[in-house]
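> This is model25.cif, which holds mmCIF, C-alpha atoms and all ligand atoms:
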data_target
#
loop_
_atom_site.label_atom_id
_atom_site.label_comp_id
_atom_site.auth_asym_id
_atom_site.auth_seq_id
_atom_site.Cartn_x
_atom_site.Cartn_y
_atom_site.Cartn_z
CA MET A 1233 -8.55 16.28 -16.37
CA ASP A 1234 -5.95 15.25 -13.80
CA TRP A 1235 -5.29 11.72 -12.62
CA LEU A 1236 -4.48 10.05 -9.34
CA VAL A 1237 -3.17 6.53 -9.95
CA ALA A 1238 -2.84 4.36 -6.85
CA THR A 1239 -1.45 0.88 -7.01
CA ASP A 1240 -0.84 -1.99 -4.64
CA LEU A 1241 2.49 -3.79 -5.15
CA ASP A 1242 2.57 -7.51 -4.22
CA GLY A 1243 0.14 -9.47 -6.38
CA THR A 1244 -0.54 -6.37 -8.50
CA LEU A 1245 2.35 -4.32 -9.94
CA LEU A 1246 4.92 -6.78 -8.61
CA ASP A 1247 5.17 -10.45 -9.28
CA ASP A 1248 7.91 -12.97 -8.51
CA GLY A 1249 10.83 -12.74 -10.84
CA TYR A 1250 10.44 -9.14 -12.03
CA PRO A 1251 13.21 -6.78 -11.00
CA LEU A 1252 12.13 -3.47 -9.46
CA ALA A 1253 13.47 -1.68 -12.55
CA GLU A 1254 10.71 -3.33 -14.65
CA ALA A 1255 8.03 -2.13 -12.25
CA ALA A 1256 9.46 1.41 -12.26
CA ARG A 1257 9.51 1.35 -16.08
CA ALA A 1258 5.82 0.35 -16.16
CA VAL A 1259 4.97 3.27 -13.84
CA ASP A 1260 6.97 5.66 -16.04
CA LEU A 1261 5.28 4.38 -19.22
CA LEU A 1262 1.77 4.72 -17.79
CA HIS A 1263 2.64 8.22 -16.60
CA GLN A 1264 3.84 9.04 -20.11
CA ARG A 1265 0.72 7.56 -21.75
CA ILE A 1266 -1.64 9.57 -19.54
CA THR A 1267 0.11 12.85 -20.22
CA GLU A 1268 0.42 12.08 -23.95
CA ARG A 1269 -3.35 11.59 -24.15
CA ASP A 1270 -3.89 15.05 -22.73
CA PRO A 1271 -0.79 17.25 -22.49
CA GLN A 1272 -2.69 19.62 -20.17
CA SER A 1273 -3.21 16.87 -17.60
CA THR A 1274 -1.16 16.06 -14.53
CA ALA A 1275 -0.83 12.51 -13.23
CA HIS A 1276 0.03 11.77 -9.61
CA PHE A 1277 1.15 8.25 -8.75
CA VAL A 1278 0.86 6.54 -5.36
CA LEU A 1279 2.44 3.24 -4.29
CA ALA A 1280 -0.07 1.90 -1.74
CA SER A 1281 1.12 -1.18 0.14
CA SER A 1282 1.24 -2.98 3.46
CA LYS A 1283 5.02 -2.70 3.12
CA THR A 1284 6.99 -0.19 5.19
CA CYS A 1285 8.20 3.17 3.98
CA ALA A 1286 11.77 1.79 3.96
CA GLU A 1287 10.70 -1.09 1.70
CA LEU A 1288 8.79 1.16 -0.74
CA ILE A 1289 11.35 3.92 -1.26
CA PRO A 1290 13.77 1.81 -3.39
CA LEU A 1291 11.02 1.36 -6.00
CA ALA A 1292 9.81 4.96 -5.78
CA ARG A 1293 13.36 6.21 -6.33
CA ARG A 1294 13.67 4.22 -9.56
CA CYS A 1295 10.72 6.07 -11.14
CA ALA A 1296 11.35 9.13 -13.30
CA SER A 1297 8.80 11.14 -11.27
CA PRO A 1298 9.01 9.58 -7.80
CA PRO A 1299 5.51 8.53 -6.69
CA LEU A 1300 4.08 9.14 -3.27
CA VAL A 1301 4.46 6.25 -0.91
CA LEU A 1302 1.45 5.09 1.12
CA PHE A 1303 2.91 2.65 3.62
CA GLU A 1304 1.65 0.04 6.10
CA ASN A 1305 -1.90 -0.10 4.65
CA GLY A 1306 -2.51 3.63 4.87
CA ALA A 1307 -0.96 4.21 8.30
CA GLY A 1308 1.00 7.05 6.72
CA TRP A 1309 2.46 8.47 3.56
CA ALA A 1310 5.83 9.73 2.44
CA TRP A 1311 6.97 12.01 -0.32
CA GLN A 1312 10.25 13.13 -1.73
CA SER A 1313 10.95 16.52 -0.21
CA VAL A 1314 13.15 19.31 -1.40
CA PRO A 1315 16.40 19.29 0.55
CA THR A 1316 15.97 21.03 3.88
CA SER A 1317 18.14 21.50 6.89
CA ASP A 1318 15.91 19.06 8.78
CA PRO A 1319 17.07 15.48 8.70
CA PRO A 1320 14.74 13.42 6.50
CA ALA A 1321 12.32 11.41 8.59
CA CYS A 1322 12.33 8.31 6.45
CA GLY A 1323 15.70 8.17 4.72
CA ASP A 1324 16.73 9.07 1.18
CA GLY A 1325 15.20 12.55 1.30
CA TYR A 1326 11.67 11.35 1.96
CA ARG A 1327 9.52 12.96 4.61
CA ILE A 1328 6.68 11.14 6.25
CA GLU A 1329 3.34 11.93 7.78
CA ARG A 1330 1.59 9.40 9.96
CA LEU A 1331 -2.16 9.26 9.40
CA THR A 1332 -2.98 7.36 12.58
CA ASN A 1333 -2.53 8.69 16.08
CA ILE A 1334 -0.53 5.75 17.39
CA SER A 1335 3.16 5.13 16.86
CA TYR A 1336 4.92 1.81 16.44
CA ALA A 1337 6.48 2.19 19.90
CA ASP A 1338 3.00 2.66 21.44
CA ILE A 1339 1.67 -0.41 19.57
CA ARG A 1340 4.60 -2.50 20.80
CA ALA A 1341 4.10 -1.27 24.38
CA LEU A 1342 0.42 -2.23 24.26
CA LEU A 1343 1.21 -5.65 22.76
CA THR A 1344 3.76 -6.31 25.50
CA ARG A 1345 1.07 -5.52 28.09
CA LEU A 1346 -1.57 -7.67 26.37
CA ARG A 1347 0.80 -10.63 26.15
CA ARG A 1348 0.48 -11.01 29.93
CA HIS A 1349 -3.13 -12.21 29.47
CA PRO A 1350 -3.35 -15.99 29.61
CA GLY A 1351 -4.03 -17.31 26.08
CA PHE A 1352 -2.76 -14.21 24.24
CA ASP A 1353 0.03 -16.12 22.58
CA PHE A 1354 1.66 -14.33 19.65
CA LEU A 1355 4.95 -13.09 18.23
CA GLY A 1356 5.57 -10.12 15.96
CA PHE A 1357 8.27 -8.54 13.80
CA GLY A 1358 9.49 -6.60 16.84
CA ASP A 1359 10.21 -9.88 18.66
CA TRP A 1360 12.35 -11.26 15.84
CA ALA A 1361 15.83 -10.48 14.56
CA ALA A 1362 16.09 -9.66 10.84
CA ALA A 1363 17.26 -13.22 10.11
CA GLU A 1364 14.10 -14.61 11.72
CA VAL A 1365 11.87 -12.18 9.77
CA ALA A 1366 13.72 -13.25 6.60
CA ALA A 1367 13.13 -16.94 7.36
CA ARG A 1368 9.44 -16.40 8.08
CA THR A 1369 8.69 -14.18 5.08
CA GLY A 1370 11.06 -15.35 2.36
CA LEU A 1371 12.62 -11.86 2.14
CA ASP A 1372 16.39 -11.56 1.96
CA GLU A 1373 18.05 -10.05 5.03
CA PRO A 1374 18.42 -6.44 3.81
CA ALA A 1375 14.71 -6.49 2.81
CA ALA A 1376 13.83 -8.02 6.19
CA ARG A 1377 15.69 -5.18 7.93
CA ALA A 1378 13.63 -2.69 5.88
CA ALA A 1379 10.45 -4.60 6.80
CA LYS A 1380 11.37 -4.20 10.49
CA ARG A 1381 11.64 -0.40 10.17
CA ARG A 1382 8.00 0.10 11.05
CA GLU A 1383 6.19 3.37 11.65
CA ALA A 1384 2.67 2.48 12.76
CA SER A 1385 1.71 -1.19 12.47
CA GLU A 1386 2.92 -4.60 13.66
CA PRO A 1387 2.50 -7.90 11.81
CA ILE A 1388 1.99 -10.74 14.28
CA LEU A 1389 1.73 -14.50 14.12
CA TRP A 1390 -1.10 -15.71 16.37
CA GLN A 1391 -0.31 -18.92 18.22
CA GLY A 1392 -3.24 -18.98 20.63
CA GLY A 1393 -6.75 -20.32 20.21
CA LYS A 1394 -9.73 -18.82 18.36
CA ARG A 1395 -11.61 -17.72 21.45
CA ALA A 1396 -8.52 -15.96 22.82
CA LEU A 1397 -8.09 -14.28 19.42
CA ARG A 1398 -11.63 -12.84 19.64
CA ALA A 1399 -10.85 -11.49 23.11
CA PHE A 1400 -7.53 -10.09 21.84
CA ARG A 1401 -9.31 -8.31 19.00
CA SER A 1402 -11.79 -6.76 21.46
CA GLU A 1403 -8.93 -5.55 23.67
CA LEU A 1404 -7.26 -3.93 20.66
CA GLU A 1405 -10.52 -2.26 19.58
CA ARG A 1406 -11.03 -0.92 23.09
CA SER A 1407 -7.63 0.76 22.72
CA GLY A 1408 -8.56 2.28 19.34
CA LEU A 1409 -6.58 -0.26 17.32
CA SER A 1410 -7.58 -2.65 14.56
CA LEU A 1411 -6.57 -6.19 13.65
CA THR A 1412 -6.64 -7.17 9.97
CA GLN A 1413 -5.73 -10.41 8.24
CA GLY A 1414 -2.96 -10.10 5.68
CA GLY A 1415 -1.54 -12.87 3.52
CA ARG A 1416 0.60 -14.50 6.21
CA PHE A 1417 0.24 -12.30 9.26
CA LEU A 1418 -2.35 -10.44 11.29
CA HIS A 1419 -1.66 -6.71 11.29
CA VAL A 1420 -2.16 -4.58 14.40
CA ALA A 1421 -2.55 -0.88 13.56
CA GLY A 1422 -4.49 2.24 14.36
CA ARG A 1423 -7.73 2.75 12.44
CA CYS A 1424 -6.56 3.26 8.88
CA SER A 1425 -7.05 1.94 5.36
CA LYS A 1426 -5.59 2.53 1.94
CA GLY A 1427 -8.89 4.07 0.79
CA ALA A 1428 -9.14 6.51 3.71
CA ALA A 1429 -5.51 7.54 3.25
CA LEU A 1430 -6.06 8.03 -0.46
CA ALA A 1431 -9.02 10.32 0.22
CA GLN A 1432 -6.69 12.54 2.26
CA ILE A 1433 -4.05 12.49 -0.47
CA GLN A 1434 -6.69 13.31 -3.08
CA ALA A 1435 -7.64 16.45 -1.18
CA GLN A 1436 -4.04 17.66 -1.51
CA PHE A 1437 -4.08 17.32 -5.29
CA GLU A 1438 -7.52 18.63 -6.13
CA THR A 1439 -7.46 21.90 -8.00
CA PRO A 1440 -10.73 23.87 -8.03
CA GLY A 1441 -12.44 23.56 -11.42
CA ARG A 1442 -10.29 20.61 -12.58
CA PRO A 1443 -11.69 17.10 -12.22
CA LEU A 1444 -9.34 14.59 -10.59
CA PHE A 1445 -10.00 11.04 -11.77
CA LYS A 1446 -8.81 8.07 -9.79
CA LEU A 1447 -7.46 4.79 -11.11
CA ALA A 1448 -6.75 2.13 -8.48
CA CYS A 1449 -5.08 -1.28 -8.92
CA GLY A 1450 -5.11 -4.08 -6.36
CA ASP A 1451 -5.79 -7.72 -5.60
CA ALA A 1452 -6.69 -8.28 -1.95
CA GLY A 1453 -9.11 -7.35 0.81
CA ASN A 1454 -6.90 -4.51 2.02
CA ASP A 1455 -7.26 -2.90 -1.46
CA LEU A 1456 -11.05 -3.10 -1.53
CA ASP A 1457 -11.98 0.34 -0.19
CA MET A 1458 -9.32 1.94 -2.40
CA LEU A 1459 -10.73 0.14 -5.47
CA ARG A 1460 -14.32 1.04 -4.58
CA ARG A 1461 -13.54 4.73 -4.20
CA ALA A 1462 -11.81 4.91 -7.60
CA ASP A 1463 -13.41 5.90 -10.92
CA LEU A 1464 -11.56 3.03 -12.60
CA ALA A 1465 -10.40 -0.17 -10.90
CA LEU A 1466 -7.98 -2.74 -12.29
CA VAL A 1467 -8.34 -5.93 -10.23
CA PHE A 1468 -5.78 -8.74 -10.13
CA PRO A 1469 -6.41 -12.35 -9.06
CA ASN A 1470 -5.88 -12.91 -5.34
CA ARG A 1471 -4.05 -15.86 -3.77
CA ASP A 1472 -7.00 -18.20 -4.41
CA GLY A 1473 -7.22 -17.18 -8.09
CA GLY A 1474 -10.51 -15.28 -7.55
CA TYR A 1475 -11.19 -11.55 -7.88
CA ILE A 1476 -12.41 -9.39 -5.01
CA LEU A 1477 -14.60 -7.28 -7.34
CA PRO A 1478 -16.59 -8.50 -10.34
CA GLU A 1479 -15.98 -6.94 -13.74
CA GLY A 1480 -18.42 -4.15 -14.47
CA ALA A 1481 -18.68 -0.44 -15.12
CA GLY A 1482 -15.17 0.93 -14.67
CA VAL A 1483 -13.88 -2.36 -13.23
CA ALA A 1484 -11.59 -4.61 -15.30
CA HIS A 1485 -9.76 -7.82 -14.47
CA ALA A 1486 -6.09 -8.44 -15.24
CA PRO A 1487 -5.05 -12.04 -15.92
CA ARG A 1488 -1.92 -12.01 -13.74
CA ALA A 1489 0.19 -9.70 -11.59
CA GLY A 1490 3.39 -8.10 -12.82
CA PRO A 1491 4.49 -4.90 -14.57
CA GLU A 1492 3.57 -6.01 -18.12
CA ASN A 1493 0.01 -7.00 -17.26
CA TRP A 1494 -0.36 -3.95 -15.03
CA LEU A 1495 0.65 -1.56 -17.80
CA ALA A 1496 -1.42 -3.33 -20.47
CA GLY A 1497 -4.51 -3.55 -18.23
CA ALA A 1498 -4.35 0.06 -17.06
CA THR A 1499 -3.83 1.35 -20.61
CA ARG A 1500 -6.75 -0.72 -21.93
CA LEU A 1501 -9.01 0.46 -19.12
CA LEU A 1502 -8.14 4.11 -19.76
CA ASP A 1503 -8.68 3.72 -23.52
CA SER A 1504 -12.04 1.99 -23.10
CA GLN A 1505 -13.45 4.48 -20.60
CA TYR A 1506 -11.82 7.72 -21.69
CA PRO A 1507 -11.10 7.51 -25.43
CA LYS A 1508 -8.35 9.79 -26.62
CA ALA A 1509 -9.58 13.18 -27.78
CA GLU A 1510 -9.70 13.52 -31.58
CA GLY A 1511 -7.14 15.89 -33.01
CA PRO A 1512 -8.32 19.12 -34.68
MG MG B 1 -1.47 -7.23 -2.88
#
Just give me the structure as structure tokens.
Ligand SMILES: [Mg+2]

Amino acid sequence: MDWLVATDLDGTLLDDGYPLAEAARAVDLLHQRITERDPQSTAHFVLASSKTCAELIPLARRCASPPLVLFENGAGWAWQSVPTSDPPACGDGYRIERLTNISYADIRALLTRLRRHPGFDFLGFGDWAAAEVAARTGLDEPAARAAKRREASEPILWQGGKRALRAFRSELERSGLSLTQGGRFLHVAGRCSKGAALAQIQAQFETPGRPLFKLACGDAGNDLDMLRRADLALVFPNRDGGYILPEGAGVAHAPRAGPENWLAGATRLLDSQYPKAEGP
């Protein structure tokens, strides 16, 4: 059997205080464990985050087999391409494909128009310099610059009232856009999700006659459809300490985020559901 392993980063594979190298090592070790269990199998890894492509590539590049990058909550994906004469679309040899039909420039243009409505009071990453993004997110300035390199979604801070927010949401929906609540910001994007994007990625990796099993890891509402579509789900506590899915068939809870718990939890889940084949 082949495996597709998709993981969220913040609150899941990543936790405060772990260097990226630790997270990359955990990905490499899980990759190794899956292929050791069944040397005939192939494992594909996907980093699935609300972060931008530019923020995700530094981690992907540290992994022995660079994973696919699913950026901005499934608005698009990027993969390491063989060198071509075309300039890479996303830096560092990665090429990208947007999975929504609206670009960041179009989203910004629409937001600028909507801001003229009385009561639609908001600011987004595109309105702020990198230093301001850094101050509002806790990122350092190089990371804030990477967070501003957006392809297809805009995080905004809503400063208007609740009724105006409902009207704003309706206006976005009329234009084919969605508004989702993240940890700190509201995210304006085309209609996309990590789960829908993963279904498209899965189709690329499916080989006729070979089952492709999916393991998904996540902690928050934006991971839910990805976790539900997976054969195995490893769920981490969200900001409130609760879990978005109860433990059950194929669903396990991890005690805390971070590479060590991620690797231990994923290995345990694999071993409990798909015991290693006995040798001859
Ligand atoms: Mg998360």
> Give me, as a PyMOL selection string, all polymer residues having an atom no more than 8 Å from Ala1255 (chain A), counting all atoms listed in the file and skipping those fewer than 2 positions away in the same chain.
chain A and resi 1245-1246+1250-1253+1257-1259+1291+1490-1491
> Could you check how far CA of Ser1282 (chain A) sits from CA of Leu1302 (chain A), in Å to one decimal?
8.4 Å
> Return the single residue from A:Leu1501, A:Ala1341, A:Leu1331, A:Ala1429 that is closest to Ala1384 (chain A), with distances computed using all atoms listed in the file.
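Of A:Leu1501, A:Ala1341, A:Leu1331, A:Ala1429, the one nearest Ala1384 (chain A) is A:Leu1331, counting all atoms listed in the file.
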> One decimal, Å: what's the distance from CA of Phe1437 (chain A) over to CA of Leu1236 (chain A), could you say?
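Interatomic distance, CA of Phe1437 (chain A) to CA of Leu1236 (chain A): 8.3 Å.
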> To check your reading of the model: which residues sit at most 12 Å from ligand MG 1 (chain B) when counting all atoms listed in the file? Write the answer as an MDAnalysis selection string.
chainID A and resid 1239:1247 1279:1283 1304:1305 1414:1416 1426 1449:1456 1467:1471 1475:1476 1488:1490
> Would you export the selected residues with C-alpha atoms as a PDB file, keeping the file's coordinate frame, please?

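Result file follows (again.pdb):
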ATOM      1  CA  THR A1239      -1.450   0.880  -7.010  1.00  0.00           C
ATOM      2  CA  ASP A1240      -0.840  -1.990  -4.640  1.00  0.00           C
ATOM      3  CA  LEU A1241       2.490  -3.790  -5.150  1.00  0.00           C
ATOM      4  CA  ASP A1242       2.570  -7.510  -4.220  1.00  0.00           C
ATOM      5  CA  GLY A1243       0.140  -9.470  -6.380  1.00  0.00           C
ATOM      6  CA  THR A1244      -0.540  -6.370  -8.500  1.00  0.00           C
ATOM      7  CA  LEU A1245       2.350  -4.320  -9.940  1.00  0.00           C
ATOM      8  CA  LEU A1246       4.920  -6.780  -8.610  1.00  0.00           C
ATOM      9  CA  ASP A1247       5.170 -10.450  -9.280  1.00  0.00           C
ATOM     10  CA  LEU A1279       2.440   3.240  -4.290  1.00  0.00           C
ATOM     11  CA  ALA A1280      -0.070   1.900  -1.740  1.00  0.00           C
ATOM     12  CA  SER A1281       1.120  -1.180   0.140  1.00  0.00           C
ATOM     13  CA  SER A1282       1.240  -2.980   3.460  1.00  0.00           C
ATOM     14  CA  LYS A1283       5.020  -2.700   3.120  1.00  0.00           C
ATOM     15  CA  GLU A1304       1.650   0.040   6.100  1.00  0.00           C
ATOM     16  CA  ASN A1305      -1.900  -0.100   4.650  1.00  0.00           C
ATOM     17  CA  GLY A1414      -2.960 -10.100   5.680  1.00  0.00           C
ATOM     18  CA  GLY A1415      -1.540 -12.870   3.520  1.00  0.00           C
ATOM     19  CA  ARG A1416       0.600 -14.500   6.210  1.00  0.00           C
ATOM     20  CA  LYS A1426      -5.590   2.530   1.940  1.00  0.00           C
ATOM     21  CA  CYS A1449      -5.080  -1.280  -8.920  1.00  0.00           C
ATOM     22  CA  GLY A1450      -5.110  -4.080  -6.360  1.00  0.00           C
ATOM     23  CA  ASP A1451      -5.790  -7.720  -5.600  1.00  0.00           C
ATOM     24  CA  ALA A1452      -6.690  -8.280  -1.950  1.00  0.00           C
ATOM     25  CA  GLY A1453      -9.110  -7.350   0.810  1.00  0.00           C
ATOM     26  CA  ASN A1454      -6.900  -4.510   2.020  1.00  0.00           C
ATOM     27  CA  ASP A1455      -7.260  -2.900  -1.460  1.00  0.00           C
ATOM     28  CA  LEU A1456     -11.050  -3.100  -1.530  1.00  0.00           C
ATOM     29  CA  VAL A1467      -8.340  -5.930 -10.230  1.00  0.00           C
ATOM     30  CA  PHE A1468      -5.780  -8.740 -10.130  1.00  0.00           C
ATOM     31  CA  PRO A1469      -6.410 -12.350  -9.060  1.00  0.00           C
ATOM     32  CA  ASN A1470      -5.880 -12.910  -5.340  1.00  0.00           C
ATOM     33  CA  ARG A1471      -4.050 -15.860  -3.770  1.00  0.00           C
ATOM     34  CA  TYR A1475     -11.190 -11.550  -7.880  1.00  0.00           C
ATOM     35  CA  ILE A1476     -12.410  -9.390  -5.010  1.00  0.00           C
ATOM     36  CA  ARG A1488      -1.920 -12.010 -13.740  1.00  0.00           C
ATOM     37  CA  ALA A1489       0.190  -9.700 -11.590  1.00  0.00           C
ATOM     38  CA  GLY A1490       3.390  -8.100 -12.820  1.00  0.00           C
TER      39      GLY A1490
END
> If we count only C-alpha atoms, what is near Asp1260 (chain A) at a cut-off of 8 Å, once residues fewer than 5 positions away on the same chain are taken out, given as a PyMOL selection string?
chain A and resi 1295-1297
> Residues near region 1399-1410 of chain A, anyone? I mean within 8 Å using only C-alpha atoms, not counting same-chain ones fewer than 6 positions away, as a PyMOL selection string.
chain A and resi 1346+1352+1419-1423
